[in-house]
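S.K.: protein_4.cif is the file, holding mmCIF, C-alpha atoms:
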```cif
data_query
loop_
_atom_site.label_atom_id
_atom_site.label_comp_id
_atom_site.auth_asym_id
_atom_site.auth_seq_id
_atom_site.Cartn_x
_atom_site.Cartn_y
_atom_site.Cartn_z
CA MET H 1 -23.90 -3.53 8.35
CA SER H 2 -23.29 -7.21 9.00
CA ASP H 3 -21.17 -7.59 5.84
CA VAL H 4 -18.50 -5.22 7.26
CA LYS H 5 -15.44 -7.19 8.41
CA ALA H 6 -14.16 -6.78 11.97
CA VAL H 7 -10.86 -4.90 12.15
CA PRO H 8 -8.27 -6.71 14.31
CA ASP H 9 -6.88 -5.19 17.50
CA THR H 10 -3.54 -3.44 17.32
CA ARG H 11 -0.50 -2.87 19.51
CA LEU H 12 0.95 -0.14 17.33
CA LEU H 13 -0.03 3.52 17.28
CA LYS H 14 1.18 5.68 14.40
CA VAL H 15 1.19 9.43 14.84
CA ASP H 16 1.99 11.98 12.15
CA LYS H 17 3.37 15.29 13.45
CA ASP H 18 3.72 17.87 10.70
CA CYS H 19 6.09 20.21 12.50
CA LEU H 20 9.86 20.18 12.93
CA VAL H 21 10.93 20.59 16.55
CA GLY H 22 14.10 20.24 18.58
CA SER H 23 15.24 17.25 20.60
CA SER H 24 14.21 18.78 23.96
CA TRP H 25 10.61 19.13 22.74
CA LEU H 26 10.66 15.57 21.45
CA LYS H 27 11.77 14.37 24.86
CA GLU H 28 8.83 16.23 26.40
CA TYR H 29 6.56 14.66 23.81
CA ARG H 30 7.78 11.16 24.73
CA ASP H 31 6.98 11.87 28.40
CA THR H 32 3.54 13.18 27.42
CA ILE H 33 2.83 9.98 25.44
CA SER H 34 3.68 7.89 28.49
CA LEU H 35 1.44 10.04 30.71
CA VAL H 36 -1.54 9.97 28.32
CA LEU H 37 -1.27 6.20 27.87
CA LYS H 38 -0.90 5.67 31.61
CA SER H 39 -4.11 7.62 32.21
CA LYS H 40 -5.85 5.15 29.87
CA GLY H 41 -4.40 2.09 31.60
CA LEU H 42 -1.77 1.39 28.95
CA LYS H 43 2.01 1.47 28.82
CA PRO H 44 4.33 2.09 25.85
CA THR H 45 7.02 -0.56 25.36
CA ARG H 46 8.87 1.43 22.70
CA ILE H 47 8.52 4.88 21.12
CA ALA H 48 10.25 5.37 17.76
CA VAL H 49 10.51 8.80 16.17
CA THR H 50 11.56 9.00 12.49
CA PRO H 51 11.59 11.95 10.06
CA SER H 52 8.62 12.05 7.65
CA ARG H 53 8.84 12.52 3.86
CA ARG H 54 8.25 16.26 3.71
CA LYS H 55 8.26 17.90 7.12
CA GLY H 56 7.94 16.83 10.69
CA PHE H 57 8.05 13.40 12.29
CA HIS H 58 6.42 10.02 12.30
CA VAL H 59 5.99 8.56 15.77
CA ARG H 60 5.43 4.83 16.30
CA VAL H 61 4.26 3.81 19.75
CA TYR H 62 4.31 0.12 20.63
CA LEU H 63 1.84 -0.78 23.39
CA ASP H 64 2.04 -3.49 26.04
CA ALA H 65 -1.48 -4.72 25.24
CA PRO H 66 -3.58 -4.79 22.06
CA VAL H 67 -6.41 -2.28 21.79
CA PRO H 68 -9.42 -2.16 19.41
CA ALA H 69 -8.89 -0.20 16.21
CA ALA H 70 -11.39 2.54 17.04
CA ARG H 71 -9.74 3.09 20.44
CA ALA H 72 -6.31 3.12 18.83
CA ASN H 73 -7.51 5.81 16.45
CA MET H 74 -8.85 7.81 19.39
CA LEU H 75 -5.51 7.45 21.20
CA GLN H 76 -3.71 8.65 18.08
CA TRP H 77 -5.95 11.70 18.01
CA LEU H 78 -5.25 12.35 21.70
CA LEU H 79 -1.52 12.15 20.98
CA GLY H 80 -1.86 14.92 18.39
CA ASP H 81 -2.18 13.04 15.12
CA ASP H 82 -3.08 14.91 11.93
CA CYS H 83 -6.87 15.53 12.07
CA ALA H 84 -7.56 14.74 8.40
CA ARG H 85 -5.71 11.46 8.89
CA VAL H 86 -7.83 10.64 11.95
CA ASP H 87 -11.01 11.29 9.95
CA PHE H 88 -9.85 9.04 7.08
CA ASN H 89 -8.77 6.34 9.54
CA ARG H 90 -12.19 6.40 11.18
CA ALA H 91 -13.85 5.92 7.79
CA ARG H 92 -11.49 3.04 6.94
CA ILE H 93 -12.16 1.31 10.28
CA ASN H 94 -15.92 1.61 9.77
CA ALA H 95 -15.53 0.06 6.32
CA GLY H 96 -13.59 -2.87 7.83
CA PHE H 97 -10.16 -2.17 6.34
CA ASP H 98 -7.58 -3.99 8.49
CA GLU H 99 -4.63 -1.80 7.41
CA TRP H 100 -6.38 1.41 8.33
CA SER H 101 -3.41 3.27 9.83
CA LYS H 102 -1.11 4.49 7.10
CA LEU H 103 2.17 6.39 7.30
CA PHE H 104 3.72 7.15 3.97
CA GLU H 105 7.31 7.52 2.82
CA ALA H 106 8.62 9.25 -0.30
CA PRO H 107 8.42 7.10 -3.50
CA GLY H 108 12.14 7.19 -4.16
CA GLU H 109 13.19 6.22 -0.64
CA GLY H 110 14.25 2.84 0.55
CA MET R 1 29.46 -26.22 -20.41
CA ALA R 2 30.58 -26.79 -16.83
CA ALA R 3 31.57 -23.15 -16.43
CA ALA R 4 28.21 -21.99 -17.71
CA ARG R 5 26.43 -24.36 -15.33
CA ARG R 6 28.53 -23.09 -12.43
CA ARG R 7 27.75 -19.49 -13.38
CA ARG R 8 24.03 -20.29 -13.55
CA SER R 9 23.99 -21.99 -10.15
CA ARG R 10 25.97 -19.10 -8.66
CA SER R 11 23.45 -16.58 -9.98
CA ARG R 12 20.60 -18.73 -8.60
CA SER R 13 22.16 -18.82 -5.16
CA ARG R 14 22.65 -15.07 -5.32
CA MET R 15 18.95 -14.70 -6.20
CA ARG R 16 18.04 -16.83 -3.19
CA ARG R 17 20.05 -14.58 -0.92
CA ARG R 18 18.10 -11.47 -1.97
CA PRO R 19 15.41 -10.53 0.57
CA ILE R 20 11.71 -10.73 -0.16
CA ARG R 21 9.88 -7.60 0.90
CA LEU R 22 6.20 -6.78 1.11
CA TYR R 23 5.51 -3.51 -0.71
CA ARG R 24 2.41 -1.53 0.15
CA MET R 25 1.30 1.30 -2.07
CA THR R 26 -1.73 3.59 -1.97
CA ILE R 27 -3.01 5.51 -4.97
CA ALA R 28 -5.73 8.08 -4.40
CA THR R 29 -7.45 10.93 -6.15
CA PHE R 30 -10.18 13.42 -5.43
CA HIS R 31 -13.05 14.04 -7.81
CA TYR R 32 -15.85 16.56 -7.63
CA GLU R 33 -19.10 15.07 -8.86
CA LYS R 34 -21.12 17.88 -10.40
CA ARG R 35 -24.35 15.89 -10.53
CA THR R 36 -24.53 15.38 -6.76
CA HIS R 37 -22.34 18.36 -5.78
CA GLN R 38 -20.16 16.02 -3.78
CA LEU R 39 -16.45 15.56 -3.29
CA ILE R 40 -15.45 11.92 -3.69
CA GLU R 41 -12.14 10.27 -2.96
CA TYR R 42 -11.16 7.07 -4.71
CA GLU R 43 -8.34 5.08 -3.20
CA MET R 44 -6.64 1.85 -4.10
CA HIS R 45 -4.39 -0.13 -1.77
CA ILE R 46 -1.94 -2.35 -3.61
CA LYS R 47 0.15 -5.03 -1.90
CA ILE R 48 2.80 -7.33 -3.37
CA ALA R 49 5.78 -9.34 -2.14
CA ARG R 50 8.86 -9.13 -4.40
CA ARG R 51 12.40 -10.42 -4.20
CA SER R 52 14.84 -7.60 -4.90
CA ILE R 53 17.70 -5.66 -3.39
CA HIS R 54 16.63 -2.52 -5.26
CA VAL R 55 13.69 -1.17 -3.25
CA ARG R 56 13.62 2.03 -5.27
CA ALA R 57 13.35 0.17 -8.59
CA VAL R 58 10.46 -1.97 -7.38
CA ARG R 59 8.69 1.09 -6.00
CA LEU R 60 9.07 3.01 -9.24
CA ARG R 61 7.79 0.09 -11.32
CA LEU R 62 4.86 -0.39 -8.95
CA ALA R 63 4.02 3.32 -9.14
CA LYS R 64 4.11 3.27 -12.93
CA LEU R 65 1.99 0.13 -13.29
CA GLY R 66 -0.35 1.10 -10.45
CA ALA R 67 -1.10 4.57 -11.82
CA ALA R 68 -2.05 3.16 -15.23
CA TYR R 69 -4.14 0.43 -13.58
CA PHE R 70 -5.91 2.99 -11.39
CA GLN R 71 -6.69 5.24 -14.34
CA ARG R 72 -8.05 2.29 -16.34
CA TRP R 73 -10.21 1.17 -13.43
CA LEU R 74 -11.60 4.68 -12.83
CA ARG R 75 -12.49 5.02 -16.50
CA ARG R 76 -14.32 1.71 -16.37
CA TYR R 77 -15.96 2.07 -12.93
CA ALA R 78 -16.80 5.76 -12.59
CA LYS R 79 -16.54 6.81 -16.26
CA ILE R 80 -14.06 9.55 -15.44
CA SER R 81 -10.59 10.12 -16.78
CA ILE R 82 -8.08 11.68 -14.43
CA PRO R 83 -4.57 12.75 -15.51
CA LYS R 84 -1.56 11.14 -13.86
CA ARG R 85 -0.48 14.42 -12.29
CA LYS R 86 -3.64 14.39 -10.16
CA LEU R 87 -2.95 10.97 -8.70
CA LYS R 88 -1.34 10.74 -5.28
CA VAL R 89 0.99 7.76 -5.01
CA ALA R 90 2.43 6.89 -1.61
CA PHE R 91 4.37 4.00 -0.13
CA GLU R 92 4.53 2.55 3.33
CA ARG R 93 7.54 1.03 4.97
CA GLU R 94 8.36 -2.43 3.62
CA ALA R 95 7.80 -5.55 5.69
CA HIS R 96 9.34 -9.02 5.45
CA ALA R 97 7.63 -11.66 3.34
CA LYS R 98 8.31 -15.33 2.67
CA VAL R 99 7.04 -15.97 -0.83
CA GLN R 100 7.40 -13.80 -3.90
CA GLN R 101 4.19 -12.95 -5.77
CA GLN R 102 3.52 -12.47 -9.45
CA LYS R 103 0.30 -10.55 -8.93
CA ALA R 104 -0.48 -7.74 -6.54
CA SER R 105 -3.65 -7.78 -4.47
CA VAL R 106 -5.74 -4.65 -4.86
CA ARG R 107 -8.35 -3.28 -2.49
CA ARG R 108 -10.50 -0.38 -3.58
CA TYR R 109 -12.42 2.14 -1.52
CA VAL R 110 -14.58 5.13 -2.27
CA MET R 111 -14.95 7.94 0.27
CA HIS R 112 -17.85 10.36 0.57
CA ARG R 113 -18.54 13.27 2.89
CA VAL R 114 -21.60 12.53 5.03
CA LYS R 115 -22.52 14.98 7.81
CA ARG R 116 -19.06 16.61 7.71
CA ARG R 117 -17.33 13.26 8.10
CA TRP R 118 -15.63 10.97 5.66
CA THR R 119 -17.42 7.65 5.18
CA SER R 120 -15.81 4.82 3.31
CA LYS R 121 -17.30 2.05 1.18
CA GLU R 122 -15.37 -0.98 0.04
CA LEU R 123 -15.62 -1.93 -3.61
CA ALA R 124 -14.81 -5.25 -5.26
CA PRO R 125 -11.15 -6.23 -4.77
CA GLY R 126 -8.93 -7.28 -7.64
CA THR R 127 -5.43 -8.21 -8.76
CA MET R 128 -2.81 -6.41 -10.79
CA SER R 129 -0.10 -8.31 -12.66
CA TYR R 130 3.40 -7.09 -11.87
CA VAL R 131 5.43 -9.26 -14.23
CA ARG R 132 5.12 -9.26 -17.97
CA ARG R 133 3.07 -11.97 -19.59
CA ARG R 134 5.20 -14.56 -21.33
CA ARG R 135 4.60 -15.09 -24.99
CA ARG R 136 3.65 -18.54 -26.08
CA LYS R 137 6.32 -20.14 -28.18
CA LYS R 138 5.25 -20.82 -31.72
CA LYS R 139 5.54 -24.39 -32.86
CA ARG R 140 8.14 -25.08 -35.45
CA ALA R 141 6.97 -25.16 -39.04
CA LYS R 142 8.21 -28.66 -39.79
CA TYR R 143 6.16 -30.17 -36.94
CA ARG R 144 3.11 -28.31 -38.09
CA ARG R 145 3.60 -29.56 -41.63
CA LYS R 146 3.97 -33.12 -40.40
CA ARG R 147 0.63 -33.01 -38.63
CA HIS R 148 -1.22 -32.27 -41.86
CA VAL R 149 0.29 -35.12 -43.86
CA ARG R 150 -2.43 -37.37 -45.19
CA ARG R 151 -1.95 -41.09 -45.00
#
```
As structure tokens, how would this structure be written, given the file I've shared?

M.R.:
Amino acid sequence: MSDVKAVPDTRLLKVDKDCLVGSSWLKEYRDTISLVLKSKGLKPTRIAVTPSRRKGFHVRVYLDAPVPAARANMLQWLLGDDCARVDFNRARINAGFDEWSKLFEAPGEG
Amino acid sequence: MAAARRRRSRSRSRMRRRPIRLYRMTIATFHYEKRTHQLIEYEMHIKIARRSIHVRAVRLRLAKLGAAYFQRWLRRYAKISIPKRKLKVAFEREAHAKVQQQKASVRRYVMHRVKRRWTSKELAPGTMSYVRRRRRKKKRAKYRRKRHVRR
């Protein structure tokens, strides 16, 4: 296990929400993010919501302090991230992959 | 001559103005291994910094080269051939970079299901060339002939 590289701490949480909702629900979601992070002793400095490639939203939460990768993954799960993504992220963190959190765009975009 | 030089320098300065972006691509595929009755996921994370204003063009070229590279590697490493339609190619948002690269860095992972969880194992990293190899110029015939003159 000693050959596994340590994954650096992160200040960015990426959440994938596969459901299209209205702006009032998104506002509620932003408030919920702040509450959940506050309960864990953290504070969001910025919350960015962008449309994802097929359906739903990508949410990027910038934190005031860096957190370990495993904890960041747990926070993403608490914030309602896609469960399959959380499982893959956990495997990537255990393997020592520093860019473990991935949010994809469509190939033709940009 | 002067006009041509001016044109060349103008195009160079235009090139310098173009932004360098860091492109990050992931290619993945699932494979069911009959021998062990196990579902395996192979994934490859490719990263390269390129100078271009056409993000879409770079992405398409990367996807084309990366898919062929991934197929070749799978055939060599796992002795399996997977059609291109079964490959999942995805891009992340571009980031700023300072220096353009000729070769992309490649990191490879294999995922297994162990106790209802995905576990990942890192394989040997590699590089993938993005630009075409330049052909060596052939030496002119008269020089070659001169070398073989006996004195």

S.K.: Can you measure CA of Glu41 (chain R) to CA of Gly126 (chain R) for me? One decimal in Å is fine.

M.R.: 18.4 Å

S.K.: Can you check which residues of chain R have any atom within 7 Å of chain H? Use all atoms listed in the file and format it as a PyMOL selection string.

M.R.: chain R and resi 55-56+59+90-93+117-122

S.K.: Please, could you write that set of residues out with C-alpha atoms as a PDB file, keeping the file's coordinate frame?

M.R.:
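Contents of again.pdb, as written:
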```
ATOM      1  CA  VAL R  55      13.690  -1.170  -3.250  1.00  0.00           C
ATOM      2  CA  ARG R  56      13.620   2.030  -5.270  1.00  0.00           C
ATOM      3  CA  ARG R  59       8.690   1.090  -6.000  1.00  0.00           C
ATOM      4  CA  ALA R  90       2.430   6.890  -1.610  1.00  0.00           C
ATOM      5  CA  PHE R  91       4.370   4.000  -0.130  1.00  0.00           C
ATOM      6  CA  GLU R  92       4.530   2.550   3.330  1.00  0.00           C
ATOM      7  CA  ARG R  93       7.540   1.030   4.970  1.00  0.00           C
ATOM      8  CA  ARG R 117     -17.330  13.260   8.100  1.00  0.00           C
ATOM      9  CA  TRP R 118     -15.630  10.970   5.660  1.00  0.00           C
ATOM     10  CA  THR R 119     -17.420   7.650   5.180  1.00  0.00           C
ATOM     11  CA  SER R 120     -15.810   4.820   3.310  1.00  0.00           C
ATOM     12  CA  LYS R 121     -17.300   2.050   1.180  1.00  0.00           C
ATOM     13  CA  GLU R 122     -15.370  -0.980   0.040  1.00  0.00           C
TER      14      GLU R 122
END
```

S.K.: Any idea what the distance is between CA of Arg108 (chain R) and CA of Met44 (chain R)?

M.R.: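 That distance, rounded to one decimal, is 4.5 Å.
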
S.K.: I would like the residues chosen by the PyMOL selection byres ((chain R and resi 68) around 12) on the shown file; could you give them as JSON, numbers by chain?

M.R.: {"R": [27, 61, 62, 63, 64, 65, 66, 67, 69, 70, 71, 72, 73, 74, 75, 81, 82, 83, 84, 85, 87, 89, 128, 129]}

S.K.: Just give me the gap between CA of Asp98 (chain H) and CA of Asp16 (chain H) in Å, one decimal is fine.

M.R.: 19.0 Å

S.K.: Residues proximal to (-3.1, 10.2, 17.0) were defined as those with any atom within 12 Å of that point in the file's coordinates, counting all atoms listed in the file. Which are they, as a count of residues only?

M.R.: 37

S.K.: Check the smallest atom-to-atom distance from each of R:His37, R:Ser52, R:His45, R:Ala4 to Arg17 (chain R) using only C-alpha atoms, then report the winner.

M.R.: R:Ser52

S.K.: Given only C-alpha atoms as the basis, pick out the residue of H:Pro68, H:Lys5, H:Ser52, H:Ile47 nearest to Lys27 (chain H).

M.R.: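 Nearest candidate to Lys27 (chain H) out of H:Pro68, H:Lys5, H:Ser52, H:Ile47: H:Ile47.
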
S.K.: Taking all atoms listed in the file into account, which of R:Arg136, R:Lys34, R:Arg5, R:Arg50 comes nearest Lys103 (chain R)?

M.R.: R:Arg50

S.K.: What would the selection look like, as a list in words, if the PyMOL selection byres ((chain H and resi 44) around 7) were run on the coordinates I just shared?

M.R.: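 Evaluating the PyMOL selection byres ((chain H and resi 44) around 7) on these coordinates yields Ser34, Leu42, Lys43, Thr45, Arg46, Ile47, Val61, Tyr62, Leu63 and Asp64 of chain H.
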
S.K.: Hey, what comes out of the PyMOL selection byres ((chain R and resi 32) around 12) on this file? Could you write it as a PDB file with C-alpha atoms, keeping the file's coordinate frame?

M.R.:
```pdb
ATOM      1  CA  THR R  29      -7.450  10.930  -6.150  1.00  0.00           C
ATOM      2  CA  PHE R  30     -10.180  13.420  -5.430  1.00  0.00           C
ATOM      3  CA  HIS R  31     -13.050  14.040  -7.810  1.00  0.00           C
ATOM      4  CA  GLU R  33     -19.100  15.070  -8.860  1.00  0.00           C
ATOM      5  CA  LYS R  34     -21.120  17.880 -10.400  1.00  0.00           C
ATOM      6  CA  ARG R  35     -24.350  15.890 -10.530  1.00  0.00           C
ATOM      7  CA  THR R  36     -24.530  15.380  -6.760  1.00  0.00           C
ATOM      8  CA  HIS R  37     -22.340  18.360  -5.780  1.00  0.00           C
ATOM      9  CA  GLN R  38     -20.160  16.020  -3.780  1.00  0.00           C
ATOM     10  CA  LEU R  39     -16.450  15.560  -3.290  1.00  0.00           C
ATOM     11  CA  ILE R  40     -15.450  11.920  -3.690  1.00  0.00           C
ATOM     12  CA  GLU R  41     -12.140  10.270  -2.960  1.00  0.00           C
ATOM     13  CA  TYR R  42     -11.160   7.070  -4.710  1.00  0.00           C
ATOM     14  CA  ALA R  78     -16.800   5.760 -12.590  1.00  0.00           C
ATOM     15  CA  ILE R  80     -14.060   9.550 -15.440  1.00  0.00           C
ATOM     16  CA  ILE R  82      -8.080  11.680 -14.430  1.00  0.00           C
ATOM     17  CA  MET R 111     -14.950   7.940   0.270  1.00  0.00           C
ATOM     18  CA  HIS R 112     -17.850  10.360   0.570  1.00  0.00           C
ATOM     19  CA  ARG R 113     -18.540  13.270   2.890  1.00  0.00           C
TER      20      ARG R 113
END
```
